[in-house]
Each structure stands twice: as structure tokens, then as C-alpha cells.
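Engineer: Just so it is clear, I am handing over entry_17.txt, which has compact mmCIF, C-alpha atoms and all ligand atoms.
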# COMPACT_ATOMS: atom_id res chain seq x y z
CA MET A 158 44.84 10.06 27.30
CA ASP A 159 41.51 11.48 28.21
CA ARG A 160 39.31 8.46 28.22
CA PRO A 161 35.83 8.94 29.55
CA PRO A 162 35.21 7.48 32.99
CA ARG A 163 34.71 3.76 32.85
CA ARG A 164 31.15 2.73 33.39
CA PRO A 165 31.26 -0.03 35.92
CA THR A 166 28.00 -1.79 35.15
CA SER A 167 26.37 -3.27 32.11
CA THR A 168 27.54 -3.69 28.51
CA PRO A 169 25.45 -2.16 25.73
CA ALA A 170 24.21 -5.65 24.94
CA ASP A 171 22.56 -6.41 28.24
CA LYS A 172 21.13 -2.96 28.72
CA PRO A 173 17.64 -2.21 27.49
CA ALA A 174 17.56 0.23 24.60
CA GLY A 175 17.30 3.90 25.52
CA SER A 176 17.80 3.85 29.26
CA PRO A 177 19.81 6.99 29.89
CA ALA A 178 18.78 7.21 33.55
CA LYS A 179 21.79 5.22 34.80
CA ARG A 180 24.33 7.28 32.87
CA PRO A 181 26.79 8.99 35.26
CA ALA A 182 26.65 12.79 35.17
CA ALA A 183 30.32 13.08 34.11
CA ALA A 184 29.92 10.95 30.96
CA PRO A 185 30.11 12.78 27.61
CA ALA A 186 26.78 13.63 26.03
CA ALA A 187 24.88 11.01 24.08
CA GLY A 188 25.24 11.11 20.34
CA SER A 189 29.04 11.24 20.43
CA PRO A 190 30.88 8.78 18.17
CA VAL A 191 33.99 9.40 20.29
CA ARG A 192 32.11 8.08 23.32
CA LEU A 193 31.09 4.94 21.44
CA ARG A 194 34.62 4.39 20.21
CA GLU A 195 36.16 4.84 23.67
CA SER A 196 33.54 2.62 25.27
CA LEU A 197 34.26 -0.18 22.79
CA LEU A 198 38.03 0.26 23.18
CA ASP A 199 37.69 0.17 26.98
CA LYS A 200 35.94 -3.20 26.82
CA LEU A 201 38.62 -4.58 24.51
CA ARG A 202 41.46 -3.22 26.63
CA ASP A 203 40.11 -4.46 29.97
CA ARG A 204 39.23 -7.77 28.30
CA SER A 205 35.54 -7.58 29.16
CA TRP A 206 35.33 -8.71 25.54
CA ARG A 207 37.82 -11.26 24.29
CA ALA A 208 38.80 -12.70 20.91
CA GLY A 209 35.77 -14.34 19.34
CA ASP A 210 33.21 -12.60 21.55
CA ARG A 211 30.23 -11.13 19.78
CA LEU A 212 29.61 -7.38 20.03
CA PRO A 213 26.13 -5.90 20.46
CA THR A 214 24.24 -5.36 17.22
CA GLU A 215 24.52 -2.08 15.31
CA ARG A 216 20.94 -1.37 16.27
CA ALA A 217 21.68 -1.85 19.98
CA LEU A 218 24.71 0.45 19.71
CA CYS A 219 22.61 3.10 17.92
CA ASP A 220 20.07 3.05 20.75
CA GLU A 221 22.63 2.90 23.54
CA PHE A 222 24.76 5.77 22.24
CA GLY A 223 22.09 7.85 20.53
CA LEU A 224 23.83 7.61 17.17
CA SER A 225 22.69 7.08 13.59
CA ARG A 226 23.38 3.77 11.88
CA THR A 227 25.92 5.57 9.64
CA ALA A 228 27.84 6.94 12.64
CA VAL A 229 27.95 3.52 14.32
CA ARG A 230 29.13 1.88 11.10
CA ARG A 231 31.88 4.47 10.73
CA VAL A 232 33.21 3.73 14.25
CA LEU A 233 33.01 -0.04 13.69
CA GLY A 234 34.67 0.35 10.29
CA ASP A 235 37.61 2.14 11.89
CA LEU A 236 38.02 -0.59 14.55
CA ARG A 237 37.81 -3.23 11.81
CA ALA A 238 40.50 -1.44 9.77
CA ARG A 239 42.74 -1.53 12.84
CA GLY A 240 42.29 -5.28 13.15
CA LEU A 241 40.36 -5.07 16.41
CA ILE A 242 37.08 -6.56 15.21
CA THR A 243 35.75 -8.55 12.29
CA GLN A 244 32.33 -8.26 10.71
CA VAL A 245 30.50 -11.19 9.20
CA VAL A 246 27.62 -10.32 6.92
CA GLY A 247 24.36 -11.66 8.30
CA SER A 248 26.02 -12.86 11.49
CA GLY A 249 27.39 -9.84 13.35
CA THR A 250 30.49 -8.19 14.71
CA TYR A 251 33.13 -10.13 16.63
CA VAL A 252 36.31 -9.37 18.53
CA SER A 253 39.17 -10.22 16.19
CA THR A 254 41.61 -13.04 16.95
CA THR A 255 44.39 -10.44 16.42
CA VAL A 256 42.93 -8.03 18.98
CA ALA A 257 45.92 -8.19 21.37
CA GLN A 258 48.42 -7.29 18.63
CA ALA A 259 46.13 -4.58 17.26
CA LEU A 260 45.74 -2.98 20.71
CA SER A 261 49.49 -3.11 21.23
CA ASP A 262 50.10 -1.43 17.83
CA MET A 263 47.67 1.33 18.80
CA ALA A 264 49.40 1.82 22.17
CA VAL A 265 52.80 2.13 20.45
CA GLY A 266 51.39 4.75 18.09
CA GLN A 267 49.89 6.72 20.95
CA ALA A 268 53.09 6.56 23.01
CA ALA A 269 55.04 7.86 19.99
CA ALA A 270 52.56 10.68 19.45
CA SER A 271 52.68 11.79 23.08
CA THR A 272 56.47 11.63 23.51
CA SER A 273 58.20 15.03 23.45
CA PRO A 274 61.61 15.59 21.83
CA ALA A 275 63.04 16.19 25.33
CA GLU A 276 61.71 12.82 26.53
CA LEU A 277 63.03 11.08 23.43
CA MET A 278 66.47 12.66 23.87
CA GLY A 279 66.49 11.69 27.55
CA ALA A 280 65.78 8.07 26.60
CA ARG A 281 68.40 8.04 23.86
CA VAL A 282 71.17 9.38 26.14
CA VAL A 283 70.46 6.57 28.60
CA LEU A 284 69.79 3.70 26.18
CA GLU A 285 72.10 4.10 23.22
CA PRO A 286 75.46 4.13 25.08
CA ALA A 287 74.18 1.31 27.31
CA LEU A 288 73.58 -1.09 24.45
CA ILE A 289 76.87 -0.40 22.60
CA GLU A 290 78.63 -3.29 24.34
CA MET A 291 75.87 -5.74 23.42
CA ALA A 292 75.83 -4.47 19.84
CA ILE A 293 79.61 -4.84 19.54
CA GLY A 294 79.45 -8.30 21.07
CA ASN A 295 76.80 -9.57 18.65
CA ALA A 296 77.35 -7.55 15.46
CA THR A 297 77.80 -9.49 12.24
CA ALA A 298 79.49 -8.43 8.98
CA ALA A 299 76.01 -7.70 7.61
CA ASP A 300 75.34 -5.31 10.52
CA PHE A 301 78.62 -3.48 9.81
CA ALA A 302 77.70 -3.24 6.12
CA ARG A 303 74.33 -1.75 7.06
CA MET A 304 76.00 0.86 9.29
CA ASP A 305 78.36 1.83 6.44
CA LEU A 306 75.43 2.07 4.06
CA CYS A 307 73.53 4.37 6.44
CA CYS A 308 76.61 6.65 6.69
CA ASP A 309 77.06 6.64 2.88
CA GLU A 310 73.39 7.37 2.23
CA GLY A 311 73.28 10.04 4.93
CA GLU A 312 76.28 11.84 3.45
CA ALA A 313 74.82 11.62 -0.06
CA ALA A 314 71.31 12.72 1.03
CA PRO A 315 70.19 15.72 -1.02
CA SER A 316 67.78 17.01 1.63
CA LEU A 317 67.77 17.40 5.38
CA GLU A 318 64.72 15.11 5.62
CA GLN A 319 66.64 12.33 3.89
CA PHE A 320 69.70 12.93 6.05
CA GLU A 321 67.49 12.72 9.14
CA PHE A 322 65.98 9.46 7.85
CA TRP A 323 69.41 7.84 7.38
CA ASP A 324 70.54 9.25 10.70
CA GLY A 325 67.64 7.39 12.38
CA GLN A 326 68.39 4.27 10.31
CA LEU A 327 72.03 4.31 11.45
CA HIS A 328 71.14 4.46 15.13
CA GLU A 329 68.58 1.70 14.57
CA ALA A 330 71.19 -0.40 12.71
CA ILE A 331 73.57 -0.16 15.68
CA ALA A 332 70.76 -1.17 18.04
CA ASN A 333 69.74 -4.03 15.73
CA ALA A 334 73.31 -5.34 15.90
CA ALA A 335 72.53 -6.34 19.49
CA HIS A 336 70.24 -8.98 17.94
CA ASN A 337 67.68 -8.59 20.68
CA ALA A 338 64.07 -8.34 19.50
CA PHE A 339 62.99 -6.23 22.46
CA ILE A 340 65.74 -3.65 21.90
CA SER A 341 64.93 -3.54 18.17
CA GLY A 342 61.28 -2.91 19.03
CA VAL A 343 62.22 0.01 21.29
CA PHE A 344 64.30 1.57 18.51
CA ARG A 345 61.53 1.19 15.95
CA GLN A 346 59.37 3.11 18.39
CA MET A 347 62.05 5.78 18.82
CA ASN A 348 62.20 6.24 15.06
CA ALA A 349 58.41 6.55 15.04
CA VAL A 350 58.82 9.52 17.41
CA ARG A 351 61.52 11.00 15.19
CA ALA A 352 59.15 10.72 12.24
CA GLN A 353 56.49 12.82 13.96
CA GLY A 354 56.11 16.56 13.59
CA GLU A 355 57.65 18.17 16.64
CA TRP A 356 61.01 16.44 16.37
CA GLY A 357 61.25 17.27 12.65
CA MET A 358 60.42 20.91 13.34
CA LEU A 359 63.14 21.16 16.00
CA LYS A 360 65.60 19.40 13.72
CA ARG A 361 64.87 21.83 10.87
CA ARG A 362 65.10 24.84 13.12
CA SER A 363 68.45 23.69 14.53
CA ALA A 364 69.90 22.53 11.20
CA THR A 365 72.89 24.15 9.55
CA PRO A 366 75.30 22.69 6.98
CA GLU A 367 78.07 22.87 9.60
CA ARG A 368 76.06 20.86 12.12
CA ARG A 369 75.14 18.25 9.54
CA ALA A 370 78.82 17.90 8.60
CA GLU A 371 79.68 17.48 12.28
CA TYR A 372 77.02 14.77 12.69
CA GLU A 373 78.38 12.96 9.64
CA ARG A 374 81.90 12.98 11.13
CA GLU A 375 80.57 11.80 14.49
CA HIS A 376 78.62 8.98 12.83
CA ARG A 377 81.75 7.80 10.97
CA ALA A 378 83.84 7.89 14.15
CA LEU A 379 81.18 5.92 16.01
CA VAL A 380 80.85 3.30 13.28
CA THR A 381 84.65 2.96 12.98
CA ALA A 382 84.90 2.28 16.72
CA VAL A 383 81.98 -0.18 16.61
CA LYS A 384 83.60 -2.04 13.71
CA ALA A 385 86.88 -2.18 15.62
CA ARG A 386 84.82 -3.70 18.47
CA ASP A 387 86.29 -1.08 20.77
CA VAL A 388 83.58 -0.76 23.43
CA GLU A 389 85.04 2.15 25.40
CA ARG A 390 85.76 4.28 22.36
CA ALA A 391 82.43 3.50 20.71
CA ARG A 392 80.54 4.34 23.88
CA ALA A 393 82.43 7.64 24.20
CA HIS A 394 81.70 8.57 20.56
CA CYS A 395 78.05 7.63 21.04
CA MET A 396 77.71 9.81 24.14
CA THR A 397 79.54 12.77 22.55
CA HIS A 398 77.25 12.60 19.51
CA LEU A 399 74.04 12.38 21.55
CA LEU A 400 75.00 15.25 23.87
CA HIS A 401 75.87 17.31 20.80
CA VAL A 402 72.49 16.56 19.20
CA ARG A 403 70.73 17.37 22.46
CA TRP A 404 72.59 20.67 22.79
CA ASN A 405 71.73 21.70 19.23
CA LEU A 406 68.12 20.61 19.57
CA LEU A 407 67.23 21.57 23.11
CA GLY A 408 70.00 23.89 24.30
CA TYR A 409 71.24 21.84 27.27
ZN ZN A 501 72.95 10.62 14.78
Would you mind writing the file's structure down as C-alpha cells?
Structural biologist:
Amino acid sequence: MDRPPRRPTSTPADKPAGSPAKRPAAAPAAGSPVRLRESLLDKLRDRSWRAGDRLPTERALCDEFGLSRTAVRRVLGDLRARGLITQVVGSGTYVSTTVAQALSDMAVGQAAASTSPAELMGARVVLEPALIEMAIGNATAADFARMDLCCDEGEAAPSLEQFEFWDGQLHEAIANAAHNAFISGVFRQMNAVRAQGEWGMLKRRSATPERRAEYEREHRALVTAVKARDVERARAHCMTHLLHVRWNLLGY
């Protein structure tokens, strides 16, 4: 991420209006809403401002960042929509009590957006076979039913996009069978990467009816082994499938 250099000294609140003399030479030019946004986010991330703290007034932010009232309101409105701040009419702007969760949601989104298909595939090849044993150990009948449903829906999917969706859901269902909230969170993030543009483009470019049919067979074989609680066989099917997907997608 290209955040502007952190300014070590004062907050906008304790700085007299319009004192550009102390601004470091490398900082982006005044009048940039991006600079205001990043400055506010920096203070939330490094906890200079904590839940319940009051932000500088709109007027102070206008002066500090050389922005119009409309531009400042737009930036604050975006932060409010993300759950980072709250605004109380006649009182001011405050750091939201949900700021930690909101920052974490933003970080997940950014990580997904900056993950390449090659990185995602690298992570899948390491993680998915590794959690098979835990999934098999903890899977319930409901988990098995979900896996079957994902296979059924994938095979019936009229479009490649829908097949890809159910493909992602199947891999997530197997991970969810581990019944470990952290692992489930990682897989939700992996599906967020799959949902973004570059992966979809690669998938479309590499897609043929033959390959889809092969993936469907591999999914069934994997689910059959998982349902039989056969760890070795399930892990082997999982690895074969992932290496096949990687070969089709990335050519190695
Ligand atoms: Zn798959």
C-alpha cells in the first residue's frame, strides 16, 4: 500500500489552522482528499485515536488539509459508512466503538485485492491438503450434505461463473468441516480472492468443457474419500485436484 509518510508530530486538532510550514517536503500536496483519508486512517490504525475519541471539527480538517467542506464531508461519510467513525449532529465526529472490526474488515479486503492468482494457488496447495485430516476428524452429517450439495449444484450450473462459485463453496465446505473459526475465516478470504477479477479472467481463459468435467469428477472423488473418512485417499485426491487446477491456470 502506498500510504503517505506518517507525520510524526501533531494531530490536526492541536495544530493551528493553515500552518503549512511544518509539512514535510515528501507529503502529497494540500487539497488532496486522499491525503486526508490516509491521515485519518493512519491515526485510527496506530491507535493515536481510539474508540470514543473525538475527531477534529470539519472546519479544522478543511483548514489543515486545504479542502472544501464538501470534500471533507465526503471523506468522513466514507469512513462512517465503513463503521470507522460516528457523527452526532451538533456534537461532532467520534471514533466508532466498532473501529477495530471495521479496520480488520478493510485489511481483509485489501489483502484479497492485492493477492495474485499465483499466490492464492500457492496458499491453497499448502493449506487445503493440510486441513483434510482435521476436516475428516470433525465433519458432521450436515457437513457431508453440504459437500454433496456443492457437487450437485456445480454439476448442474448452467454457466462457468456459477460452476466456479460452487467450486469455491465446495472447498470452503470441506474447510468448514474442520469446525475451526480461524480456518473458516481464512477460506472466506480465499473465496474473496477468487471472486475478484484476475482469478476469474484466468479461469475463463483456461476453461474448457473437458476441464470442467474433470474438475467435477475430481470433486466427487474427493468428497467420496472425505465421507469415507479416509484421510490418505482424501489428501491425495485433494492434492491431485489442486495441482491440476494450478497447471490449467498457471502452467506449472
Ligand atoms: Zn475445485
Engineer: As a PDB file with C-alpha atoms, keeping the file's coordinate frame, please: the residues near segment 197-208 of chain A (cut-off 7 Å, all atoms listed in the file, same-chain neighbours under 5 positions excluded).
Structural biologist:
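Once written, result-v2.pdb looks like this:
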ATOM      1  CA  VAL A 252      36.310  -9.370  18.530  1.00  0.00           C
ATOM      2  CA  SER A 253      39.170 -10.220  16.190  1.00  0.00           C
ATOM      3  CA  THR A 254      41.610 -13.040  16.950  1.00  0.00           C
ATOM      4  CA  VAL A 256      42.930  -8.030  18.980  1.00  0.00           C
TER       5      VAL A 256
END
Engineer: Could you pull out the residues sitting within 7 Å of ligand ZN 501 (chain A), using all atoms listed in the file, and write them as an MDAnalysis selection string?
Structural biologist: chainID A and resid 324:325 328 372 376 398
Engineer: Excluding Ala349 of chain A and its own-chain neighbours fewer than 6 positions away, which residues fall within 12 Å of it when counting only C-alpha atoms? Please give them as a list in words.
Structural biologist: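 Here the answer would be Asp262, Val265, Gly266, Gln267, Ala268, Ala269, Ala270, Ser271, Thr272, Ser273, Pro274, Leu277, Phe322, Gly325, Gln326, Glu329, Gly342, Val343, Glu355, Trp356 and Gly357 of chain A.
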Engineer: Please report the interatomic distance between atom CA of Arg303 of chain A and atom CA of Ile331 of chain A in Å with one decimal.
Structural biologist: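 A separation of 8.8 Å between them.
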Engineer: Pick from A:Leu327, A:Ala334, A:Met358, A:Met304: nearest to Thr381 of chain A, with all atoms listed in the file counted?
Structural biologist: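 Looking at the shortest contact to Thr381 of chain A, the residue is A:Met304.
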Engineer: What separation in Å, quoted to one decimal, exists between atom CA of Leu379 of chain A and atom CA of Cys395 of chain A?
Structural biologist: 6.2 Å
Engineer: Show which residues sit within 12 Å of Ala385 of chain A, as a list in words. Count only C-alpha atoms, and ignore same-chain residues fewer than 3 positions away.
Structural biologist: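 After dropping sequence-adjacent residues, the list is Ile293, Gly294, Ala296, Ala298, Phe301, Ala378, Leu379, Val380, Thr381, Ala382, Val388, Glu389, Arg390 and Ala391 of chain A.
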Engineer: Got a sec to check which residues sit within 10 Å of (76.2, -3.6, 19.8), counting all atoms listed in the file, and write them as a PDB file with C-alpha atoms, keeping the file's coordinate frame?
Structural biologist:
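Here's the written file out00.pdb:
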ATOM      1  CA  GLU A 285      72.100   4.100  23.220  1.00  0.00           C
ATOM      2  CA  PRO A 286      75.460   4.130  25.080  1.00  0.00           C
ATOM      3  CA  ALA A 287      74.180   1.310  27.310  1.00  0.00           C
ATOM      4  CA  LEU A 288      73.580  -1.090  24.450  1.00  0.00           C
ATOM      5  CA  ILE A 289      76.870  -0.400  22.600  1.00  0.00           C
ATOM      6  CA  GLU A 290      78.630  -3.290  24.340  1.00  0.00           C
ATOM      7  CA  MET A 291      75.870  -5.740  23.420  1.00  0.00           C
ATOM      8  CA  ALA A 292      75.830  -4.470  19.840  1.00  0.00           C
ATOM      9  CA  ILE A 293      79.610  -4.840  19.540  1.00  0.00           C
ATOM     10  CA  GLY A 294      79.450  -8.300  21.070  1.00  0.00           C
ATOM     11  CA  ASN A 295      76.800  -9.570  18.650  1.00  0.00           C
ATOM     12  CA  ALA A 296      77.350  -7.550  15.460  1.00  0.00           C
ATOM     13  CA  THR A 297      77.800  -9.490  12.240  1.00  0.00           C
ATOM     14  CA  ASP A 300      75.340  -5.310  10.520  1.00  0.00           C
ATOM     15  CA  ALA A 330      71.190  -0.400  12.710  1.00  0.00           C
ATOM     16  CA  ILE A 331      73.570  -0.160  15.680  1.00  0.00           C
ATOM     17  CA  ALA A 332      70.760  -1.170  18.040  1.00  0.00           C
ATOM     18  CA  ASN A 333      69.740  -4.030  15.730  1.00  0.00           C
ATOM     19  CA  ALA A 334      73.310  -5.340  15.900  1.00  0.00           C
ATOM     20  CA  ALA A 335      72.530  -6.340  19.490  1.00  0.00           C
ATOM     21  CA  HIS A 336      70.240  -8.980  17.940  1.00  0.00           C
ATOM     22  CA  ASN A 337      67.680  -8.590  20.680  1.00  0.00           C
ATOM     23  CA  VAL A 383      81.980  -0.180  16.610  1.00  0.00           C
ATOM     24  CA  LYS A 384      83.600  -2.040  13.710  1.00  0.00           C
ATOM     25  CA  ARG A 386      84.820  -3.700  18.470  1.00  0.00           C
ATOM     26  CA  VAL A 388      83.580  -0.760  23.430  1.00  0.00           C
ATOM     27  CA  ALA A 391      82.430   3.500  20.710  1.00  0.00           C
ATOM     28  CA  ARG A 392      80.540   4.340  23.880  1.00  0.00           C
TER      29      ARG A 392
END
Engineer: Could you name the residues that touch Phe222 of chain A at 8 Å or less, counting only C-alpha atoms, but leaving out those on the same chain fewer than 6 positions away, as a VMD selection string?
Structural biologist: chain A and resid 187 to 190 192 to 193
Engineer: Can you work out the spacing between atom CA of Glu310 of chain A and atom CA of Glu373 of chain A in Å, to one decimal?
Structural biologist: 10.5 Å
Engineer: Since the input is missing atoms, can you rebuild N, CA and C atoms for segment 271-283 of chain A and write them as a PDB file, in the coordinates of the input?
Structural biologist:
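Saved file out-v5.pdb follows:
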ATOM      1  N   SER A 271      52.697  10.958  21.876  1.00  0.00           N
ATOM      2  CA  SER A 271      52.680  11.790  23.080  1.00  0.00           C
ATOM      3  C   SER A 271      54.067  11.923  23.711  1.00  0.00           C
ATOM      4  N   THR A 272      55.117  11.500  22.993  1.00  0.00           N
ATOM      5  CA  THR A 272      56.470  11.630  23.510  1.00  0.00           C
ATOM      6  C   THR A 272      57.084  12.922  22.988  1.00  0.00           C
ATOM      7  N   SER A 273      57.598  13.755  23.883  1.00  0.00           N
ATOM      8  CA  SER A 273      58.200  15.030  23.450  1.00  0.00           C
ATOM      9  C   SER A 273      59.637  14.788  23.009  1.00  0.00           C
ATOM     10  N   PRO A 274      60.197  15.710  22.207  1.00  0.00           N
ATOM     11  CA  PRO A 274      61.610  15.590  21.830  1.00  0.00           C
ATOM     12  C   PRO A 274      62.528  15.501  23.056  1.00  0.00           C
ATOM     13  N   ALA A 275      62.194  16.242  24.133  1.00  0.00           N
ATOM     14  CA  ALA A 275      63.040  16.190  25.330  1.00  0.00           C
ATOM     15  C   ALA A 275      63.003  14.794  25.958  1.00  0.00           C
ATOM     16  N   GLU A 276      61.814  14.178  25.979  1.00  0.00           N
ATOM     17  CA  GLU A 276      61.710  12.820  26.530  1.00  0.00           C
ATOM     18  C   GLU A 276      62.484  11.826  25.661  1.00  0.00           C
ATOM     19  N   LEU A 277      62.337  11.988  24.349  1.00  0.00           N
ATOM     20  CA  LEU A 277      63.030  11.080  23.430  1.00  0.00           C
ATOM     21  C   LEU A 277      64.539  11.203  23.632  1.00  0.00           C
ATOM     22  N   MET A 278      65.023  12.436  23.703  1.00  0.00           N
ATOM     23  CA  MET A 278      66.470  12.660  23.870  1.00  0.00           C
ATOM     24  C   MET A 278      66.937  12.078  25.187  1.00  0.00           C
ATOM     25  N   GLY A 279      66.138  12.249  26.247  1.00  0.00           N
ATOM     26  CA  GLY A 279      66.490  11.690  27.550  1.00  0.00           C
ATOM     27  C   GLY A 279      66.646  10.174  27.473  1.00  0.00           C
ATOM     28  N   ALA A 280      65.730   9.529  26.747  1.00  0.00           N
ATOM     29  CA  ALA A 280      65.780   8.070  26.600  1.00  0.00           C
ATOM     30  C   ALA A 280      67.001   7.656  25.781  1.00  0.00           C
ATOM     31  N   ARG A 281      67.267   8.409  24.725  1.00  0.00           N
ATOM     32  CA  ARG A 281      68.400   8.040  23.860  1.00  0.00           C
ATOM     33  C   ARG A 281      69.723   8.123  24.618  1.00  0.00           C
ATOM     34  N   VAL A 282      69.897   9.190  25.417  1.00  0.00           N
ATOM     35  CA  VAL A 282      71.170   9.380  26.140  1.00  0.00           C
ATOM     36  C   VAL A 282      71.396   8.232  27.124  1.00  0.00           C
ATOM     37  N   VAL A 283      70.312   7.697  27.673  1.00  0.00           N
ATOM     38  CA  VAL A 283      70.460   6.570  28.600  1.00  0.00           C
ATOM     39  C   VAL A 283      70.658   5.257  27.833  1.00  0.00           C
TER      40      VAL A 283
END
